[in-house]
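A.B. asks: Pasting a structure below so you can have a look.
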Amino acid sequence: MKFKVANRDQNSKARAGIITTDHGRIETPIFMPVGTGATVKAIHYKDLEEQVQPDIILGNTYHLYQRPGMDILRKAGGIHRFMSWEQPVLTDSGGYQVYSLTERRKITQEGVTFQSHIDGSRHFFTPEKVIDIQRDIGADIIMAFDECTPYPCDYQYASKSMKLTHDWLERCCTHFDNTEGHYGYSQSLFPIVQGSTYKDLREASARFVSDCNRAGNAIGGLSVGEPAEVMYEMTELVCDILPEDKARYLMGVGTPVNILECIALGVDMFDCVMPTRNARNGMLFTREGIINIRNKKWETDFSPIDPEGDTFADQRYSKAYLRHLFVSGEMLGPMLATIHNLRFYMWLVKEARNRIEKGQFAAWKHTMCARLAQRL
RNA sequence: GGGGGAGUUCCAGAGCGGUCAAAUGGGGCAGACUGUAAAUCUGUUGGCUUUCGCCUUCGGAGGUUCGAAUCCUUCCUCCCCCA
């Protein structure tokens with residue numbers, strides 16, 4: 001994997017770049033739809049490819065390890081062939097599950113024991129095993145095993161956890177360097193900065209991660225409930241330390257506003273379940289603001305779902321119809337909303353890139369952020 | 001014609017003398033969702049005040065009682081069985 005900065009914004013730290021992988025090019029800033037279990041939920045691949053057109057999607061180590069399991073993924077020839085997706089894939093390491101499945105796991109210096117949310121069976125994840133699993137899955141970009149700390153998190157715990165993540169990172173790097181991908185294309189390992197909301201920890205972690213000298217670097221442990229301002233502060237601090245010539249990936253972020261604000265701080269890659277999950281729950285993100293399509297106010301609004309959207313979902317169906325689908329519990333509702341939201345997120349980052357190239361990003365961001373957060 | 005059963009807040013359906021503005025489910029209305037245990041979850045759902053509280057409400061009317069959705073009388077409506 002290679003990364004090259006192509007353009008920089010004059011009035012912010014935003015940059016436009018290009019990532020090259022064996023499965024294709026990724027133009028940054030980029031949003032990566034989340035496809036945890038080898039599928040982006042509620043959308044057909046035809047629509048994902050033809051309507052949404054993402055450059056790269058995510059998978060998840062913990063979930064794919066549980067189902068379908070490594071035997072099947074190896075036999076399938078890796079995640080791309082298994083799910084019929086020939087573009088780049090990034091897999092998260094399971095570090096987020098250390099946070100989200102906190103009641104079902106136990107951390108030790110050696111690794112994490114998860115109790116499966118599916119059948120209750122216990123599975124021990126070490127940094128080495130997580131690398132092995134991600135080798136088997138075969139994503140183009142794989143993540144180091146980390147502990148995503150919760151918010152709030154006391155300093156002592158955050159410090160201890162960061163050191164653990166650093167220890168695991170060294171083990172991940174060593175094991176990664178001593179192994180190879182199985183499917184004939186290259187994989188890249190991204191380390192993850194932790195340190196909760198503490199500046200000194202974030203600084204130390206950003207330096208530690210930078211010293212790993214990997215193809216790209218990630219910022220984790222944010223967007224876990226802390227105020228947006230805190231998230232921006234930590235992101236800026238870390239971005240200023242991470243090397244300029246490496247891609248920066250802010251994990252799990254975020255709202256459209258979060259994304260624009262963090263592009264301005266120098267982040268290149270984002271992922272978030274928000275456009276897909278919230279779509280399934282009836283929330284639409286648009287250029288004008290947020291729509292709760294279940295609200296009564298849309299009952300007789302026969303205008304297109306998004307007059308400015310360029311997918312068939314946006315143009316062909318009305319808000320009133322989409323509301324009807326949601327109110328009726330019809331699965332087409334979540335499907336159409338997912339197409340819309342993902343395409344909107346893709347538009348958002350593409351437009352950000354255009355504005356960066358034209359040197360207009362900062363001003364554009366300013367007007368957009370005021371609009372995007374409005375409730376319609 | 002004879003016998004039996006039922007009518008409860010938007011719907012279905014509990015309650016069967018006071019702790020009932022009335023369980024529960026559905027529906028309605030609104031909210032949450034950030035490296036996905038989520039097509040999930042939460043709140044609210046008679047009116048007025050909104051702290052206390054007050055008013056109207058359990059088919060209609062009347063009655064018993066300190067007190068009734070709950071007991072009695074009567075009327076209306078609906079359902080089932082037998083002829």
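Letters A, B, ... go to the chains of the structure tokens in the order shown; residues in each chain start at 1; ligands are counted from 1 in the same order.
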Taking a cut-off of 7 Å and counting only C-alpha atoms (C1' of nucleotides), can you build a table that, for each residue of chain A near chain B, reports the nearest atom pair and how far apart they are in Å (one decimal), sorted by chain then residue number, as CSV?
C.D. replies:
```
residue,atom,partner,partner_atom,distance
A:Thr36,CA,B:U36,C1',6.6
A:Asp92,CA,B:G35,C1',6.1
A:Tyr96,CA,B:G35,C1',5.8
A:His117,CA,B:A37,C1',5.8
A:Ser223,CA,B:U34,C1',5.4
A:Met251,CA,B:G35,C1',4.6
A:Gly252,CA,B:G35,C1',4.5
A:Val253,CA,B:U34,C1',5.3
A:Gly254,CA,B:U34,C1',4.6
A:Thr255,CA,B:U34,C1',6.7
A:Asp271,CA,B:G35,C1',7.0
A:Cys272,CA,B:U34,C1',6.0
A:Val273,CA,B:U36,C1',6.3
A:Met274,CA,B:U34,C1',6.1
A:Asn278,CA,B:C33,C1',6.5
A:Arg280,CA,B:A39,C1',5.7
A:Met331,CA,B:A39,C1',6.7
A:Pro334,CA,B:A39,C1',6.6
```
A.B. asks: Within 12 Å of Gln53 (chain A), counting only C-alpha atoms (C1' of nucleotides), which residues qualify if same-chain residues fewer than 2 places away don't, as a ChimeraX atom specification?
C.D. replies: /A:26-27,30-33,45-51,55-57,85,87,310-311,339-340,342-347,350
A.B. asks: Could the residues in this selection be written to a file with N, CA, C and O atoms, as a CSV table (one decimal), in the first residue's frame?
C.D. replies:
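New file out18.csv:
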```csv
chain,number,residue,atom,x,y,z
A,26,ILE,N,-7.6,4.5,-3.9
A,26,ILE,CA,-8.5,5.1,-3.0
A,26,ILE,C,-8.1,6.6,-2.9
A,26,ILE,O,-7.0,7.0,-2.6
A,27,GLU,N,-9.1,7.4,-3.3
A,27,GLU,CA,-8.9,8.9,-3.2
A,27,GLU,C,-9.3,9.3,-1.8
A,27,GLU,O,-10.4,9.0,-1.3
A,30,ILE,N,-11.5,9.9,2.5
A,30,ILE,CA,-12.4,8.8,2.1
A,30,ILE,C,-13.2,8.4,3.3
A,30,ILE,O,-12.8,8.4,4.4
A,31,PHE,N,-14.5,8.0,3.0
A,31,PHE,CA,-15.3,7.4,4.0
A,31,PHE,C,-15.5,5.9,3.6
A,31,PHE,O,-15.8,5.6,2.4
A,32,MET,N,-15.3,5.0,4.6
A,32,MET,CA,-15.4,3.6,4.3
A,32,MET,C,-16.6,3.0,5.0
A,32,MET,O,-16.7,3.0,6.2
A,33,PRO,N,-17.6,2.5,4.2
A,33,PRO,CA,-18.7,1.9,4.7
A,33,PRO,C,-18.4,0.7,5.5
A,33,PRO,O,-17.4,0.0,5.2
A,45,TYR,N,-25.1,-5.7,-3.3
A,45,TYR,CA,-23.8,-5.3,-3.8
A,45,TYR,C,-23.9,-4.5,-5.1
A,45,TYR,O,-23.0,-3.7,-5.4
A,46,LYS,N,-24.9,-4.8,-5.9
A,46,LYS,CA,-25.1,-4.1,-7.1
A,46,LYS,C,-25.3,-2.6,-6.8
A,46,LYS,O,-24.7,-1.7,-7.5
A,47,ASP,N,-26.1,-2.3,-5.8
A,47,ASP,CA,-26.3,-0.9,-5.4
A,47,ASP,C,-25.1,-0.3,-4.8
A,47,ASP,O,-24.8,0.9,-5.0
A,48,LEU,N,-24.4,-1.1,-4.0
A,48,LEU,CA,-23.2,-0.6,-3.3
A,48,LEU,C,-22.2,-0.2,-4.4
A,48,LEU,O,-21.6,0.9,-4.4
A,49,GLU,N,-22.0,-1.0,-5.4
A,49,GLU,CA,-21.0,-0.8,-6.4
A,49,GLU,C,-21.5,0.3,-7.4
A,49,GLU,O,-20.7,1.2,-7.7
A,50,GLU,N,-22.7,0.2,-7.8
A,50,GLU,CA,-23.2,1.1,-8.9
A,50,GLU,C,-23.7,2.5,-8.4
A,50,GLU,O,-23.6,3.5,-9.0
A,51,GLN,N,-24.3,2.5,-7.2
A,51,GLN,CA,-24.9,3.7,-6.7
A,51,GLN,C,-24.0,4.4,-5.7
A,51,GLN,O,-23.7,5.6,-5.8
A,55,ASP,N,-14.7,3.4,-2.4
A,55,ASP,CA,-13.4,2.9,-2.9
A,55,ASP,C,-13.0,1.7,-2.0
A,55,ASP,O,-12.1,1.0,-2.4
A,56,ILE,N,-13.5,1.6,-0.8
A,56,ILE,CA,-13.0,0.6,0.1
A,56,ILE,C,-14.1,0.4,1.2
A,56,ILE,O,-14.9,1.3,1.5
A,57,ILE,N,-14.2,-0.8,1.7
A,57,ILE,CA,-15.2,-1.1,2.8
A,57,ILE,C,-14.5,-1.8,3.9
A,57,ILE,O,-13.4,-2.4,3.7
A,85,TRP,N,-16.3,-9.0,-3.7
A,85,TRP,CA,-16.0,-7.6,-3.7
A,85,TRP,C,-14.5,-7.4,-4.0
A,85,TRP,O,-13.6,-7.8,-3.3
A,87,GLN,N,-12.7,-4.7,-4.7
A,87,GLN,CA,-12.0,-3.5,-4.3
A,87,GLN,C,-11.4,-3.6,-2.9
A,87,GLN,O,-11.6,-4.7,-2.3
A,310,ASP,N,-27.9,11.7,-6.2
A,310,ASP,CA,-27.8,11.1,-7.6
A,310,ASP,C,-28.1,9.7,-7.7
A,310,ASP,O,-27.8,9.1,-8.7
A,311,THR,N,-28.7,9.0,-6.7
A,311,THR,CA,-29.0,7.6,-6.8
A,311,THR,C,-30.4,7.5,-7.2
A,311,THR,O,-31.2,8.4,-7.1
A,339,ILE,N,-28.9,3.2,0.9
A,339,ILE,CA,-28.3,3.7,-0.3
A,339,ILE,C,-28.1,5.2,-0.3
A,339,ILE,O,-27.1,5.8,-0.6
A,340,HIS,N,-29.2,5.9,0.2
A,340,HIS,CA,-29.1,7.3,0.3
A,340,HIS,C,-28.0,7.8,1.2
A,340,HIS,O,-27.2,8.6,0.8
A,342,LEU,N,-25.3,6.3,2.5
A,342,LEU,CA,-24.0,6.0,2.1
A,342,LEU,C,-23.5,6.8,0.9
A,342,LEU,O,-22.4,7.3,0.9
A,343,ARG,N,-24.4,7.0,0.0
A,343,ARG,CA,-24.1,7.9,-1.1
A,343,ARG,C,-23.9,9.3,-0.7
A,343,ARG,O,-23.0,10.0,-1.2
A,344,PHE,N,-24.6,9.7,0.3
A,344,PHE,CA,-24.4,11.1,0.8
A,344,PHE,C,-23.1,11.2,1.5
A,344,PHE,O,-22.3,12.2,1.2
A,345,TYR,N,-22.7,10.2,2.2
A,345,TYR,CA,-21.3,10.3,2.9
A,345,TYR,C,-20.2,10.3,1.8
A,345,TYR,O,-19.2,10.9,1.9
A,346,MET,N,-20.5,9.5,0.7
A,346,MET,CA,-19.5,9.5,-0.3
A,346,MET,C,-19.4,10.8,-1.0
A,346,MET,O,-18.3,11.3,-1.3
A,347,TRP,N,-20.6,11.4,-1.2
A,347,TRP,CA,-20.6,12.8,-1.8
A,347,TRP,C,-19.8,13.7,-0.9
A,347,TRP,O,-19.0,14.6,-1.4
A,350,LYS,N,-16.1,13.3,-1.2
A,350,LYS,CA,-15.7,13.6,-2.6
A,350,LYS,C,-15.7,15.1,-2.8
A,350,LYS,O,-14.7,15.7,-3.4
```
A.B. asks: So that I can check the surroundings of region 122-138 of chain A, please list as a tab-separated table (two decimals) with all heavy atoms, in the first residue's frame every protein, DNA and RNA residue that reaches within 6 Å of it, counting only C-alpha atoms (C1' of nucleotides) and ignoring chain neighbours fewer than 2 positions away.
C.D. replies:
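File written: around-v9.tsv
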```
chain	number	residue	atom	x	y	z
A	74	ARG	N	-10.54	-19.13	4.42
A	74	ARG	CA	-9.34	-19.62	3.71
A	74	ARG	C	-9.73	-20.40	2.46
A	74	ARG	O	-9.19	-20.21	1.38
A	74	ARG	CB	-8.49	-20.50	4.63
A	74	ARG	CG	-7.43	-19.73	5.40
A	74	ARG	CD	-6.35	-20.66	5.95
A	74	ARG	NE	-6.95	-21.73	6.74
A	74	ARG	CZ	-7.14	-21.66	8.06
A	74	ARG	NH1	-6.76	-20.59	8.73
A	74	ARG	NH2	-7.70	-22.66	8.71
A	78	GLY	N	-10.16	-15.98	0.70
A	78	GLY	CA	-10.11	-14.64	1.28
A	78	GLY	C	-11.42	-13.89	1.15
A	78	GLY	O	-12.34	-14.30	0.44
A	79	ILE	N	-11.46	-12.79	1.84
A	79	ILE	CA	-12.70	-12.01	1.97
A	79	ILE	C	-13.21	-11.47	0.64
A	79	ILE	O	-14.41	-11.48	0.37
A	79	ILE	CB	-12.49	-10.85	2.98
A	79	ILE	CG1	-13.79	-10.07	3.24
A	79	ILE	CG2	-11.44	-9.85	2.51
A	79	ILE	CD1	-14.69	-10.68	4.25
A	111	GLY	N	-3.54	-11.06	26.32
A	111	GLY	CA	-4.56	-10.86	25.29
A	111	GLY	C	-5.94	-10.72	25.90
A	111	GLY	O	-6.08	-10.40	27.08
A	112	VAL	N	-6.94	-10.99	25.10
A	112	VAL	CA	-8.32	-10.82	25.55
A	112	VAL	C	-9.10	-12.12	25.33
A	112	VAL	O	-9.05	-12.70	24.25
A	112	VAL	CB	-9.04	-9.69	24.77
A	112	VAL	CG1	-10.49	-9.55	25.22
A	112	VAL	CG2	-8.30	-8.37	24.94
A	113	THR	N	-9.81	-12.53	26.38
A	113	THR	CA	-10.72	-13.66	26.22
A	113	THR	C	-12.12	-13.11	25.99
A	113	THR	O	-12.64	-12.36	26.82
A	113	THR	CB	-10.73	-14.55	27.47
A	113	THR	OG1	-9.40	-15.01	27.71
A	113	THR	CG2	-11.66	-15.74	27.28
A	114	PHE	N	-12.68	-13.46	24.85
A	114	PHE	CA	-14.06	-13.06	24.55
A	114	PHE	C	-14.97	-14.25	24.79
A	114	PHE	O	-14.63	-15.39	24.45
A	114	PHE	CB	-14.21	-12.67	23.08
A	114	PHE	CG	-13.60	-11.35	22.72
A	114	PHE	CD1	-12.39	-11.30	22.03
A	114	PHE	CD2	-14.25	-10.16	23.04
A	114	PHE	CE1	-11.83	-10.07	21.68
A	114	PHE	CE2	-13.69	-8.94	22.69
A	114	PHE	CZ	-12.48	-8.89	22.01
A	115	GLN	N	-16.12	-13.95	25.35
A	115	GLN	CA	-17.16	-14.98	25.37
A	115	GLN	C	-18.11	-14.65	24.23
A	115	GLN	O	-18.74	-13.59	24.21
A	115	GLN	CB	-17.90	-15.02	26.70
A	115	GLN	CG	-18.93	-16.15	26.73
A	115	GLN	CD	-19.40	-16.49	28.13
A	115	GLN	OE1	-19.30	-15.69	29.04
A	115	GLN	NE2	-19.94	-17.70	28.28
A	145	PHE	N	-4.04	-4.92	17.08
A	145	PHE	CA	-4.97	-5.21	18.18
A	145	PHE	C	-4.75	-4.17	19.27
A	145	PHE	O	-3.62	-3.91	19.68
A	145	PHE	CB	-4.69	-6.61	18.72
A	145	PHE	CG	-5.79	-7.16	19.60
A	145	PHE	CD1	-7.12	-6.94	19.29
A	145	PHE	CD2	-5.48	-7.91	20.73
A	145	PHE	CE1	-8.14	-7.46	20.08
A	145	PHE	CE2	-6.50	-8.43	21.53
A	145	PHE	CZ	-7.82	-8.21	21.21
A	168	TRP	N	1.06	-4.56	22.78
A	168	TRP	CA	0.40	-5.39	21.77
A	168	TRP	C	0.81	-4.96	20.36
A	168	TRP	O	0.94	-5.78	19.46
A	168	TRP	CB	-1.12	-5.30	21.90
A	168	TRP	CG	-1.67	-6.01	23.12
A	168	TRP	CD1	-0.98	-6.78	24.01
A	168	TRP	CD2	-3.04	-6.00	23.55
A	168	TRP	NE1	-1.83	-7.26	24.98
A	168	TRP	CE2	-3.09	-6.80	24.72
A	168	TRP	CE3	-4.21	-5.40	23.09
A	168	TRP	CZ2	-4.30	-7.01	25.42
A	168	TRP	CZ3	-5.39	-5.62	23.78
A	168	TRP	CH2	-5.43	-6.42	24.94
A	172	CYS	N	2.21	-7.16	17.43
A	172	CYS	CA	1.53	-7.20	16.13
A	172	CYS	C	2.53	-6.96	15.01
A	172	CYS	O	2.54	-7.68	14.00
A	172	CYS	CB	0.43	-6.14	16.05
A	172	CYS	SG	-1.10	-6.63	16.85
A	175	HIS	N	4.91	-9.92	14.57
A	175	HIS	CA	4.26	-11.09	13.96
A	175	HIS	C	3.87	-10.80	12.50
A	175	HIS	O	3.99	-11.67	11.64
A	175	HIS	CB	3.01	-11.48	14.76
A	175	HIS	CG	2.53	-12.86	14.45
A	175	HIS	ND1	3.25	-14.00	14.74
A	175	HIS	CD2	1.40	-13.29	13.83
A	175	HIS	CE1	2.58	-15.06	14.34
A	175	HIS	NE2	1.46	-14.66	13.77
A	181	GLY	N	0.89	-12.70	3.56
A	181	GLY	CA	-0.49	-12.90	3.14
A	181	GLY	C	-0.61	-14.20	2.36
A	181	GLY	O	0.37	-14.69	1.81
```
A.B. asks: Could you please write out, as JSON, numbers by chain, every residue of region 111-352 of chain A that DSSP assigns to helix (DSSP H, G or I)?
C.D. replies: {"A": [127, 128, 129, 130, 131, 132, 133, 134, 135, 136, 137, 155, 156, 157, 158, 159, 160, 161, 162, 163, 164, 165, 166, 167, 168, 169, 170, 171, 172, 173, 174, 175, 176, 177, 199, 200, 201, 202, 203, 204, 205, 206, 207, 208, 209, 210, 211, 228, 229, 230, 231, 232, 233, 234, 235, 236, 237, 238, 239, 240, 241, 256, 257, 258, 259, 260, 261, 262, 263, 274, 275, 276, 277, 278, 279, 280, 296, 297, 298, 312, 313, 314, 315, 316, 319, 320, 321, 322, 323, 324, 325, 326, 327, 332, 333, 334, 335, 336, 337, 338, 339, 340, 341, 342, 343, 344, 345, 346, 347, 348, 349, 350, 351, 352]}
A.B. asks: Quick one: of A:Ile305, A:Lys13, A:Ile291, A:Phe312, who's nearest to Thr235 (chain A), counting only C-alpha atoms?
C.D. replies: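 Checking each of A:Ile305, A:Lys13, A:Ile291, A:Phe312 against Thr235 (chain A), counting only C-alpha atoms, the winner is A:Lys13.
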A.B. asks: To one decimal place in Å, what is the distance between CA of Pro191 (chain A) and CA of Ile219 (chain A)?
C.D. replies: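 We find that CA of Pro191 (chain A) and CA of Ile219 (chain A) lie 8.4 Å from each other.
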A.B. asks: Hey, can you check how far CA of Val209 (chain A) sits from CA of Ile142 (chain A)?
C.D. replies: 14.9 Å
A.B. asks: Measure the distance from CA of Glu180 (chain A) to CA of Leu58 (chain A) in Å and round it to one decimal.
C.D. replies: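 Calculated distance between CA of Glu180 (chain A) and CA of Leu58 (chain A) is 20.6 Å.
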A.B. asks: For Leu242 (chain A), list every protein, DNA or RNA residue within 9 Å, evaluated using only C-alpha atoms (C1' of nucleotides), and leave out those in the same chain fewer than 5 positions away; present the list as a PyMOL selection string.
C.D. replies: chain A and resi 206-207+209-210+217+248
A.B. asks: Could you pull the residues within 10 Å of Tyr185 (chain A), counting only C-alpha atoms (C1' of nucleotides), minus those fewer than 2 positions along the same chain, as a list of chain:residue names?
C.D. replies: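 Those residues are A:Thr21, A:Asp22, A:His23, A:Gly138, A:Ala139, A:Asp140, A:Glu180, A:Gly181, A:His182, A:Tyr183, A:Gln187.
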A.B. asks: What lies within 12 Å of U24 (chain B) using only C-alpha atoms (C1' of nucleotides), ignoring chain neighbours under 4 positions off, as number ranges by chain?
C.D. replies: B: 12-15
A.B. asks: Let me see the file: selected residues, N, CA and C atoms (P, O5', C5', C4', C3', O3' and C1' of nucleotides), as a JSON list (two decimals), in the first residue's frame.
C.D. replies:
```
[["chain", "number", "residue", "atom", "x", "y", "z"],
["B", 12, "A", "P", -61.66, -3.39, 19.42],
["B", 12, "A", "O5'", -60.53, -4.42, 19.88],
["B", 12, "A", "C5'", -60.18, -5.52, 19.04],
["B", 12, "A", "C4'", -59.04, -6.29, 19.66],
["B", 12, "A", "C3'", -59.32, -6.91, 21.02],
["B", 12, "A", "O3'", -60.01, -8.14, 20.92],
["B", 12, "A", "C1'", -57.20, -5.87, 21.04],
["B", 13, "G", "P", -60.95, -8.66, 22.16],
["B", 13, "G", "O5'", -60.01, -8.59, 23.45],
["B", 13, "G", "C5'", -58.97, -9.53, 23.65],
["B", 13, "G", "C4'", -58.15, -9.15, 24.86],
["B", 13, "G", "C3'", -58.92, -9.07, 26.16],
["B", 13, "G", "O3'", -59.06, -10.36, 26.74],
["B", 13, "G", "C1'", -57.58, -7.14, 25.94],
["B", 14, "A", "P", -59.83, -10.55, 28.16],
["B", 14, "A", "O5'", -58.72, -10.08, 29.20],
["B", 14, "A", "C5'", -59.04, -9.89, 30.55],
["B", 14, "A", "C4'", -57.81, -9.46, 31.31],
["B", 14, "A", "C3'", -58.08, -9.06, 32.74],
["B", 14, "A", "O3'", -58.06, -10.20, 33.58],
["B", 14, "A", "C1'", -56.75, -7.40, 31.71],
["B", 15, "G", "P", -59.36, -10.56, 34.49],
["B", 15, "G", "O5'", -59.46, -9.30, 35.45],
["B", 15, "G", "C5'", -58.40, -9.02, 36.39],
["B", 15, "G", "C4'", -58.46, -7.58, 36.82],
["B", 15, "G", "C3'", -59.71, -7.17, 37.61],
["B", 15, "G", "O3'", -59.48, -7.35, 39.00],
["B", 15, "G", "C1'", -59.22, -5.56, 35.91]]
```
A.B. asks: Excluding region 224-229 of chain A and residues on its chain fewer than 3 positions from it, collect all residues at most 9 Å away from it, counting only C-alpha atoms (C1' of nucleotides), and give them as a ChimeraX atom specification.
C.D. replies: /A:148-152,197,221,232-234,252,258 /B:34
A.B. asks: Given only C-alpha atoms as the basis, pick out the residue of A:Ala38, A:Leu64, A:Ala144, A:Leu201 nearest to Lys160 (chain A).
C.D. replies: A:Leu201
A.B. asks: Which residue is closest to Ser121 (chain A)? Choose from A:Gln66, A:Arg371, A:Arg287, A:Val89 and count only C-alpha atoms.
C.D. replies: A:Gln66
